[in-house]
$ cat protein.tsv   # TSV, C-alpha atoms (C1' of nucleotides)
chain	number	residue	atom	x	y	z
H	1	MET	CA	0.00	0.00	0.00
H	2	ASP	CA	1.62	3.21	-1.19
H	3	CYS	CA	0.20	5.77	1.23
H	4	ILE	CA	1.66	8.75	-0.56
H	5	GLU	CA	0.00	7.82	-3.84
H	6	ILE	CA	-3.25	7.16	-2.01
H	7	PHE	CA	-3.19	10.53	-0.26
H	8	LYS	CA	-2.39	12.26	-3.56
H	9	ALA	CA	-5.34	10.52	-5.15
H	10	LEU	CA	-7.56	11.67	-2.29
H	11	SER	CA	-6.38	15.29	-2.60
H	12	ASN	CA	-9.07	16.15	-5.12
H	13	ASP	CA	-12.72	16.94	-4.62
H	14	THR	CA	-14.03	15.09	-7.62
H	15	ARG	CA	-12.04	11.95	-6.88
H	16	LEU	CA	-13.21	12.05	-3.28
H	17	ASN	CA	-16.79	12.41	-4.50
H	18	ILE	CA	-16.43	9.47	-6.85
H	19	LEU	CA	-15.30	7.26	-3.99
H	20	GLY	CA	-18.22	8.48	-1.91
H	21	TRP	CA	-20.79	7.92	-4.66
H	22	LEU	CA	-19.51	4.40	-5.19
H	23	ARG	CA	-20.36	3.52	-1.60
H	24	GLU	CA	-23.98	3.40	-2.77
H	25	PRO	CA	-23.89	2.90	-6.53
H	26	GLU	CA	-27.58	2.04	-6.93
H	27	LYS	CA	-28.50	5.23	-5.09
H	28	ASN	CA	-26.14	7.53	-6.98
H	29	PHE	CA	-26.15	6.14	-10.52
H	30	PRO	CA	-28.64	4.81	-13.04
H	31	PRO	CA	-28.98	1.02	-13.32
H	32	GLN	CA	-25.87	-0.48	-14.84
H	33	GLY	CA	-25.38	-3.20	-17.42
H	34	GLU	CA	-28.76	-2.66	-19.12
H	35	SER	CA	-27.38	-3.29	-22.61
H	36	LEU	CA	-25.38	-6.36	-21.65
H	37	GLY	CA	-26.54	-9.50	-23.42
H	38	GLU	CA	-25.79	-12.02	-20.70
H	39	PRO	CA	-26.71	-11.25	-17.12
H	40	VAL	CA	-23.44	-10.51	-15.31
H	41	ASP	CA	-22.67	-9.65	-11.71
H	42	LEU	CA	-21.19	-6.18	-11.90
H	43	LYS	CA	-20.46	-6.17	-8.15
H	44	GLY	CA	-21.69	-2.64	-7.79
H	45	GLY	CA	-19.39	-1.39	-10.53
H	46	VAL	CA	-20.37	1.74	-12.45
H	47	CYS	CA	-19.35	2.58	-16.01
H	48	VAL	CA	-17.19	5.57	-16.89
H	49	SER	CA	-19.89	7.51	-18.69
H	50	SER	CA	-22.28	7.34	-15.72
H	51	ILE	CA	-19.54	8.62	-13.46
H	52	GLN	CA	-18.62	11.29	-15.97
H	53	GLU	CA	-22.19	12.52	-16.22
H	54	LYS	CA	-22.49	12.76	-12.46
H	55	ALA	CA	-19.12	14.44	-11.96
H	56	GLY	CA	-19.50	16.90	-14.81
H	57	ALA	CA	-15.92	16.88	-16.07
H	58	SER	CA	-14.63	15.84	-19.47
H	59	GLN	CA	-14.43	12.19	-20.48
H	60	SER	CA	-10.64	12.22	-20.55
H	61	THR	CA	-10.44	13.83	-17.12
H	62	ILE	CA	-12.74	11.28	-15.53
H	63	SER	CA	-11.02	8.38	-17.24
H	64	ASN	CA	-7.76	9.72	-15.90
H	65	TYR	CA	-9.19	10.14	-12.38
H	66	LEU	CA	-10.47	6.59	-12.37
H	67	ASP	CA	-7.07	5.39	-13.50
H	68	ILE	CA	-5.39	7.30	-10.68
H	69	LEU	CA	-7.79	5.82	-8.15
H	70	GLN	CA	-7.25	2.35	-9.51
H	71	ARG	CA	-3.48	2.52	-9.71
H	72	CYS	CA	-3.22	3.32	-6.02
H	73	GLY	CA	-5.61	0.49	-5.22
H	74	LEU	CA	-8.68	2.43	-4.15
H	75	LEU	CA	-10.78	1.21	-7.08
H	76	LEU	CA	-11.11	-2.02	-9.01
H	77	SER	CA	-12.22	-2.24	-12.62
H	78	GLU	CA	-13.74	-4.90	-14.75
H	79	ARG	CA	-14.45	-4.71	-18.44
H	80	HIS	CA	-17.67	-6.09	-19.87
H	81	GLY	CA	-18.11	-5.51	-23.56
H	82	LYS	CA	-17.64	-1.88	-24.40
H	83	TRP	CA	-17.93	-0.79	-20.79
H	84	THR	CA	-15.46	-0.62	-17.94
H	85	TYR	CA	-17.11	-0.86	-14.55
H	86	TYR	CA	-15.34	0.68	-11.58
H	87	ARG	CA	-16.08	-0.19	-7.97
H	88	ARG	CA	-14.47	0.45	-4.61
H	89	ASN	CA	-11.67	-1.73	-3.37
H	90	GLU	CA	-12.83	-2.13	0.21
H	91	GLU	CA	-9.70	-4.04	1.13
H	92	THR	CA	-7.41	-1.09	0.48
H	93	ILE	CA	-9.81	1.32	2.10
H	94	LYS	CA	-9.88	-0.82	5.21
H	95	LYS	CA	-6.09	-1.04	5.30
H	96	LEU	CA	-5.89	2.71	4.92
H	97	SER	CA	-8.29	3.20	7.78
H	98	GLU	CA	-6.21	0.90	9.95
H	99	TYR	CA	-3.03	2.69	8.97
H	100	ILE	CA	-4.45	6.04	9.97
H	101	GLY	CA	-5.81	4.68	13.18
H	102	THR	CA	-2.62	2.97	14.30
H	103	ARG	CA	0.41	4.22	12.46
H	104	LEU	CA	-0.22	7.75	11.28
B	1	MET	CA	-12.14	19.36	8.99
B	2	ASP	CA	-10.93	20.11	5.47
B	3	CYS	CA	-10.16	16.65	4.14
B	4	ILE	CA	-8.61	17.87	0.92
B	5	GLU	CA	-6.09	20.01	2.78
B	6	ILE	CA	-5.36	17.13	5.14
B	7	PHE	CA	-4.77	14.69	2.31
B	8	LYS	CA	-2.52	17.21	0.56
B	9	ALA	CA	-0.55	17.59	3.75
B	10	LEU	CA	-0.20	13.82	4.02
B	11	SER	CA	1.00	13.48	0.40
B	12	ASN	CA	4.63	13.92	1.36
B	13	ASP	CA	7.08	11.48	2.85
B	14	THR	CA	8.78	13.89	5.19
B	15	ARG	CA	5.53	15.27	6.56
B	16	LEU	CA	4.26	11.74	7.07
B	17	ASN	CA	7.48	10.91	8.90
B	18	ILE	CA	7.17	13.96	11.12
B	19	LEU	CA	3.71	12.89	12.18
B	20	GLY	CA	4.99	9.41	12.86
B	21	TRP	CA	7.99	10.60	14.88
B	22	LEU	CA	5.76	12.79	16.99
B	23	ARG	CA	3.80	9.75	18.13
B	24	GLU	CA	6.80	9.02	20.37
B	25	PRO	CA	8.69	12.29	20.79
B	26	GLU	CA	10.91	11.13	23.65
B	27	LYS	CA	11.99	8.15	21.57
B	28	ASN	CA	12.66	10.07	18.37
B	29	PHE	CA	14.04	13.40	19.56
B	30	PRO	CA	16.50	14.70	22.12
B	31	PRO	CA	15.07	16.01	25.39
B	32	GLN	CA	13.17	19.24	24.82
B	33	GLY	CA	13.05	22.45	26.78
B	34	GLU	CA	16.51	22.06	28.32
B	35	SER	CA	17.32	25.75	28.05
B	36	LEU	CA	13.99	26.95	29.36
B	37	GLY	CA	14.25	28.91	32.60
B	38	GLU	CA	10.98	27.89	34.20
B	39	PRO	CA	9.85	24.27	34.06
B	40	VAL	CA	7.01	24.10	31.53
B	41	ASP	CA	4.83	21.24	30.35
B	42	LEU	CA	5.64	20.95	26.67
B	43	LYS	CA	2.98	18.24	26.17
B	44	GLY	CA	5.29	16.19	24.03
B	45	GLY	CA	5.99	19.10	21.72
B	46	VAL	CA	9.25	19.17	19.78
B	47	CYS	CA	11.03	22.29	18.55
B	48	VAL	CA	11.57	23.05	14.87
B	49	SER	CA	15.32	22.59	14.92
B	50	SER	CA	15.10	19.09	16.41
B	51	ILE	CA	12.62	18.13	13.73
B	52	GLN	CA	14.76	19.72	11.06
B	53	GLU	CA	17.83	17.83	12.15
B	54	LYS	CA	15.98	14.52	12.09
B	55	ALA	CA	14.29	15.19	8.75
B	56	GLY	CA	17.37	16.51	7.02
B	57	ALA	CA	15.72	19.23	4.96
B	58	SER	CA	16.32	22.96	5.05
B	59	GLN	CA	15.06	25.11	7.89
B	60	SER	CA	12.61	26.97	5.69
B	61	THR	CA	11.25	23.76	4.25
B	62	ILE	CA	10.65	22.21	7.65
B	63	SER	CA	9.13	25.38	9.03
B	64	ASN	CA	6.84	25.41	6.03
B	65	TYR	CA	5.96	21.73	6.47
B	66	LEU	CA	5.06	22.27	10.09
B	67	ASP	CA	2.90	25.21	9.10
B	68	ILE	CA	1.11	23.09	6.51
B	69	LEU	CA	0.49	20.36	9.06
B	70	GLN	CA	-0.75	22.86	11.58
B	71	ARG	CA	-3.03	24.78	9.24
B	72	CYS	CA	-4.94	21.65	8.37
B	73	GLY	CA	-5.22	20.75	12.05
B	74	LEU	CA	-2.88	17.77	12.24
B	75	LEU	CA	-0.41	19.56	14.51
B	76	LEU	CA	-0.65	22.02	17.37
B	77	SER	CA	2.06	24.49	18.25
B	78	GLU	CA	3.02	26.39	21.33
B	79	ARG	CA	5.71	29.00	21.62
B	80	HIS	CA	8.00	29.08	24.64
B	81	GLY	CA	10.73	31.68	24.45
B	82	LYS	CA	12.65	31.38	21.23
B	83	TRP	CA	11.25	27.95	20.51
B	84	THR	CA	8.07	26.76	18.91
B	85	TYR	CA	7.07	23.29	20.01
B	86	TYR	CA	4.95	21.21	17.68
B	87	ARG	CA	2.90	18.21	18.76
B	88	ARG	CA	0.22	16.02	17.23
B	89	ASN	CA	-3.40	17.06	17.34
B	90	GLU	CA	-4.91	13.72	18.24
B	91	GLU	CA	-8.41	15.08	17.94
B	92	THR	CA	-8.10	15.77	14.21
B	93	ILE	CA	-6.29	12.51	13.61
B	94	LYS	CA	-9.10	10.64	15.32
B	95	LYS	CA	-11.72	12.45	13.28
B	96	LEU	CA	-9.80	11.67	10.11
B	97	SER	CA	-9.64	8.02	11.03
B	98	GLU	CA	-13.37	7.99	11.63
B	99	TYR	CA	-14.01	9.78	8.36
B	100	ILE	CA	-12.02	7.22	6.41
B	101	GLY	CA	-13.66	4.35	8.21
B	102	THR	CA	-17.22	5.55	7.72
B	103	ARG	CA	-17.54	8.15	5.01
B	104	LEU	CA	-14.71	7.69	2.52
E	1	DT	C1'	-16.05	-4.71	-43.37
E	2	DT	C1'	-17.86	-0.48	-41.73
E	3	DG	C1'	-19.90	2.49	-38.46
E	4	DA	C1'	-21.06	3.76	-33.91
E	5	DC	C1'	-20.12	3.88	-29.29
E	6	DA	C1'	-17.27	3.43	-24.77
E	7	DT	C1'	-13.01	4.09	-22.96
E	8	DA	C1'	-8.03	5.01	-22.96
E	9	DT	C1'	-4.15	7.56	-24.21
E	10	DC	C1'	-1.63	11.58	-26.10
E	11	DG	C1'	-0.23	16.34	-26.29
E	12	DA	C1'	-0.66	20.92	-24.81
E	13	DT	C1'	-1.05	24.59	-21.64
E	14	DA	C1'	-2.36	26.88	-17.36
E	15	DA	C1'	-2.22	26.53	-12.54
E	16	DA	C1'	-0.48	24.80	-8.30
E	17	DT	C1'	3.14	22.84	-5.52
E	18	DT	C1'	7.97	21.93	-4.14
E	19	DG	C1'	11.93	23.15	-1.76
E	20	DA	C1'	15.71	26.13	-1.35
E	21	DG	C1'	18.26	30.43	-0.26
E	22	DA	C1'	17.72	35.00	1.37
E	23	DT	C1'	15.78	37.85	4.53
E	24	DA	C1'	12.68	39.34	8.27
E	25	DT	C1'	10.96	38.85	12.93
E	26	DA	C1'	11.07	37.53	17.73
E	27	DA	C1'	13.31	36.38	21.96
E	28	DT	C1'	17.14	36.10	24.80
E	29	DA	C1'	21.96	36.98	26.27
E	30	DA	C1'	25.93	39.77	26.73
X	1	DT	C1'	22.11	48.36	22.60
X	2	DT	C1'	23.99	44.76	19.98
X	3	DA	C1'	24.81	39.98	18.94
X	4	DT	C1'	23.04	35.52	18.68
X	5	DT	C1'	19.79	32.02	18.15
X	6	DA	C1'	15.18	30.08	16.68
X	7	DT	C1'	11.63	30.44	13.67
X	8	DA	C1'	8.79	32.52	10.03
X	9	DT	C1'	8.17	34.61	5.69
X	10	DC	C1'	9.42	36.00	0.96
X	11	DT	C1'	10.84	34.99	-3.64
X	12	DC	C1'	11.84	32.24	-7.33
X	13	DA	C1'	13.00	28.31	-10.57
X	14	DA	C1'	11.80	23.70	-11.23
X	15	DT	C1'	8.60	20.25	-11.07
X	16	DT	C1'	4.03	18.39	-10.76
X	17	DT	C1'	-0.82	18.47	-11.39
X	18	DA	C1'	-5.19	19.71	-13.70
X	19	DT	C1'	-7.94	19.61	-17.48
X	20	DC	C1'	-9.05	19.69	-21.93
X	21	DG	C1'	-9.50	18.51	-27.04
X	22	DA	C1'	-7.87	15.34	-30.26
X	23	DT	C1'	-6.97	10.89	-31.39
X	24	DA	C1'	-6.26	5.89	-30.76
X	25	DT	C1'	-8.04	1.47	-29.31
X	26	DG	C1'	-11.41	-1.93	-28.42
X	27	DT	C1'	-16.05	-3.94	-28.92
X	28	DC	C1'	-20.24	-4.82	-30.92
X	29	DA	C1'	-24.00	-4.42	-34.51
X	30	DA	C1'	-25.50	-3.96	-39.15
$ encode --input "protein.tsv" --output "structure tokens"
Amino acid sequence: MDCIEIFKALSNDTRLNILGWLREPEKNFPPQGESLGEPVDLKGGVCVSSIQEKAGASQSTISNYLDILQRCGLLLSERHGKWTYYRRNEETIKKLSEYIGTRL
Amino acid sequence: MDCIEIFKALSNDTRLNILGWLREPEKNFPPQGESLGEPVDLKGGVCVSSIQEKAGASQSTISNYLDILQRCGLLLSERHGKWTYYRRNEETIKKLSEYIGTRL
DNA sequence: TTGACATATCGATAAATTGAGATATAATAA
DNA sequence: TTATTATATCTCAATTTATCGATATGTCAA
């Protein structure tokens, strides 16, 4: 767990919001995976365009943000067809919480 | 609690180290307040020059770091004579830990 | 295969941050 | 008062980050 990279990723309002929204995806985003042929378990993942619409920044900016959040381990992604679904990585978030509580 | 400012402050190795060292000041720094006339309770605070020596950066950089950490509420400072003693603000750190555990 | 759509990557530029040296301020000592 | 020490502030060049439009890549449908 690279704390510095994680804290850098968290130093941005939009990225912080994205993480917050993804705590309750069904509450904050439209239903996902509607156009998927097979029924797949998206595990609460949300596609880039839904996140972009909610955040109100450009596509490239949001794609970049999601990449930043994923590279430091705060998000996981899974591709299904044309869509990439991002969801929280609760494991890292838990470790981070423990780190702050005990080592920071 | 301004989370963005806190995360920015934590996005730096030296600042993270300073916070860590201040968890056990007596273990990580020389005795403080030696030259003080009256006996004062420094509450575990450590002066800038001790921190600078340990961190190995310039005086202005460390002074600036400590200011950054204080402005976002992670450190408290108290001046005694020529010295400014910095110590952790456990209250903010606890709130941050709670925030990460419940709201992030 | 071609076209349409979703996402990723590239390239550019403005804005913010970094960290240092120089200098100012504050407190004490001589 | 003046000198000395501790810390804070100022200034600046270098680096990093932000954000976008443009373009590339990948996937599916016609």
$ closest_residue --input "protein.tsv" --among "H:Leu36, H:Leu10, H:Leu42, H:Leu19" --to "DC28 (chain X)" --atoms "all atoms listed in the file"
H:Leu36
$ calpha_fit_and_write --input "protein.tsv" --fixed "chain B" --moving "chain H" --output "compact mmCIF listing (two decimals) with C-alpha atoms, in the frame of the given file"
# COMPACT_ATOMS: atom_id res chain seq x y z
CA MET H 1 -12.13 19.39 9.00
CA ASP H 2 -10.94 20.08 5.48
CA CYS H 3 -10.17 16.59 4.19
CA ILE H 4 -8.64 17.78 0.95
CA GLU H 5 -6.10 19.95 2.74
CA ILE H 6 -5.36 17.12 5.14
CA PHE H 7 -4.78 14.62 2.34
CA LYS H 8 -2.55 17.12 0.54
CA ALA H 9 -0.54 17.57 3.70
CA LEU H 10 -0.19 13.80 4.02
CA SER H 11 0.97 13.44 0.40
CA ASN H 12 4.61 13.91 1.32
CA ASP H 13 7.09 11.50 2.81
CA THR H 14 8.79 13.92 5.14
CA ARG H 15 5.53 15.30 6.50
CA LEU H 16 4.26 11.77 7.04
CA ASN H 17 7.48 10.93 8.86
CA ILE H 18 7.18 13.98 11.08
CA LEU H 19 3.71 12.92 12.15
CA GLY H 20 5.00 9.42 12.84
CA TRP H 21 8.00 10.61 14.85
CA LEU H 22 5.76 12.81 16.96
CA ARG H 23 3.81 9.77 18.10
CA GLU H 24 6.79 9.02 20.34
CA PRO H 25 8.68 12.29 20.77
CA GLU H 26 10.90 11.13 23.63
CA LYS H 27 11.98 8.14 21.55
CA ASN H 28 12.66 10.06 18.34
CA PHE H 29 14.04 13.39 19.54
CA PRO H 30 16.49 14.68 22.13
CA PRO H 31 15.03 15.99 25.40
CA GLN H 32 13.15 19.21 24.82
CA GLY H 33 13.01 22.44 26.79
CA GLU H 34 16.47 22.02 28.37
CA SER H 35 17.29 25.73 28.14
CA LEU H 36 13.93 26.91 29.43
CA GLY H 37 14.19 28.83 32.69
CA GLU H 38 10.90 27.80 34.24
CA PRO H 39 9.79 24.19 34.09
CA VAL H 40 6.97 24.04 31.54
CA ASP H 41 4.79 21.20 30.32
CA LEU H 42 5.62 20.93 26.65
CA LYS H 43 2.97 18.22 26.14
CA GLY H 44 5.28 16.19 23.99
CA GLY H 45 5.97 19.11 21.69
CA VAL H 46 9.25 19.18 19.76
CA CYS H 47 11.06 22.29 18.55
CA VAL H 48 11.61 23.06 14.88
CA SER H 49 15.36 22.60 14.92
CA SER H 50 15.12 19.09 16.40
CA ILE H 51 12.64 18.14 13.72
CA GLN H 52 14.79 19.75 11.06
CA GLU H 53 17.87 17.84 12.16
CA LYS H 54 15.99 14.56 12.07
CA ALA H 55 14.32 15.22 8.73
CA GLY H 56 17.42 16.55 7.01
CA ALA H 57 15.80 19.30 4.95
CA SER H 58 16.43 23.03 5.11
CA GLN H 59 15.11 25.14 7.97
CA SER H 60 12.69 27.01 5.72
CA THR H 61 11.35 23.78 4.24
CA ILE H 62 10.69 22.22 7.62
CA SER H 63 9.15 25.39 9.00
CA ASN H 64 6.89 25.42 5.97
CA TYR H 65 5.99 21.73 6.40
CA LEU H 66 5.09 22.27 10.03
CA ASP H 67 2.94 25.22 9.03
CA ILE H 68 1.14 23.10 6.45
CA LEU H 69 0.52 20.38 9.00
CA GLN H 70 -0.73 22.88 11.53
CA ARG H 71 -3.00 24.80 9.18
CA CYS H 72 -4.92 21.66 8.31
CA GLY H 73 -5.20 20.78 11.99
CA LEU H 74 -2.87 17.81 12.20
CA LEU H 75 -0.39 19.58 14.47
CA LEU H 76 -0.62 22.05 17.32
CA SER H 77 2.09 24.53 18.22
CA GLU H 78 3.03 26.41 21.30
CA ARG H 79 5.73 29.01 21.63
CA HIS H 80 7.99 29.08 24.67
CA GLY H 81 10.70 31.68 24.52
CA LYS H 82 12.65 31.40 21.32
CA TRP H 83 11.27 27.96 20.54
CA THR H 84 8.08 26.77 18.90
CA TYR H 85 7.08 23.30 20.00
CA TYR H 86 4.94 21.23 17.66
CA ARG H 87 2.91 18.22 18.73
CA ARG H 88 0.22 16.05 17.20
CA ASN H 89 -3.39 17.10 17.30
CA GLU H 90 -4.91 13.76 18.24
CA GLU H 91 -8.41 15.14 17.94
CA THR H 92 -8.10 15.80 14.22
CA ILE H 93 -6.30 12.54 13.64
CA LYS H 94 -9.10 10.68 15.35
CA LYS H 95 -11.74 12.49 13.31
CA LEU H 96 -9.82 11.67 10.16
CA SER H 97 -9.68 8.03 11.11
CA GLU H 98 -13.42 8.02 11.72
CA TYR H 99 -14.05 9.75 8.43
CA ILE H 100 -12.08 7.16 6.52
CA GLY H 101 -13.72 4.34 8.36
CA THR H 102 -17.28 5.52 7.86
CA ARG H 103 -17.59 8.06 5.10
CA LEU H 104 -14.77 7.56 2.63
$ interface_residues --input "protein.tsv" --of "chain B" --to "chain E" --cutoff "9 Å" --atoms "all atoms listed in the file" --output "list of chain:residue names"
B:Ala57, B:Ser58, B:Ser60, B:Thr61, B:Gly81, B:Lys82, B:Trp83
$ interface_residues --input "protein.tsv" --of "chain X" --to "chain H" --cutoff "9 Å" --atoms "only C-alpha atoms (C1' of nucleotides)" --output "list of chain:residue names"
X:DA18, X:DT19, X:DC20, X:DG26, X:DT27, X:DC28
$ interface_residues --input "protein.tsv" --of "chain B" --to "chain H" --cutoff "7 Å" --atoms "all atoms listed in the file" --output "VMD selection string"
chain B and resid 4 7 to 8 10 to 13 19 to 20 97 100 to 101 103 to 104
$ residues_around --input "protein.tsv" --residues "Asp41 (chain B)" --least-positions-apart "3" --cutoff "12 Å" --atoms "all atoms listed in the file" --output "PyMOL selection string"
chain B and resi 32-34+36+38+44-46+78-80+85
$ atom_distance --input "protein.tsv" --atom1 "CA of Ser49 (chain B)" --atom2 "CA of Cys72 (chain B)"
21.3 Å
$ atom_distance --input "protein.tsv" --atom1 "CA of Ile51 (chain H)" --atom2 "CA of Phe29 (chain H)"
7.6 Å
$ atom_distance --input "protein.tsv" --atom1 "CA of Leu66 (chain B)" --atom2 "CA of Tyr86 (chain B)"
7.7 Å
$ axis_aligned_box --input "protein.tsv" --around "region 51-58 of chain H" --padding-each-side "6 Å" --output "JSON"
{"center_x": -18.6, "center_y": 12.8, "center_z": -15.7, "size_x": 19.9, "size_y": 20.3, "size_z": 19.5}
$ closest_residue --input "protein.tsv" --among "B:Ser77, B:Asn64, B:Ser35, B:Thr92" --to "Thr14 (chain B)" --atoms "all atoms listed in the file"
B:Asn64
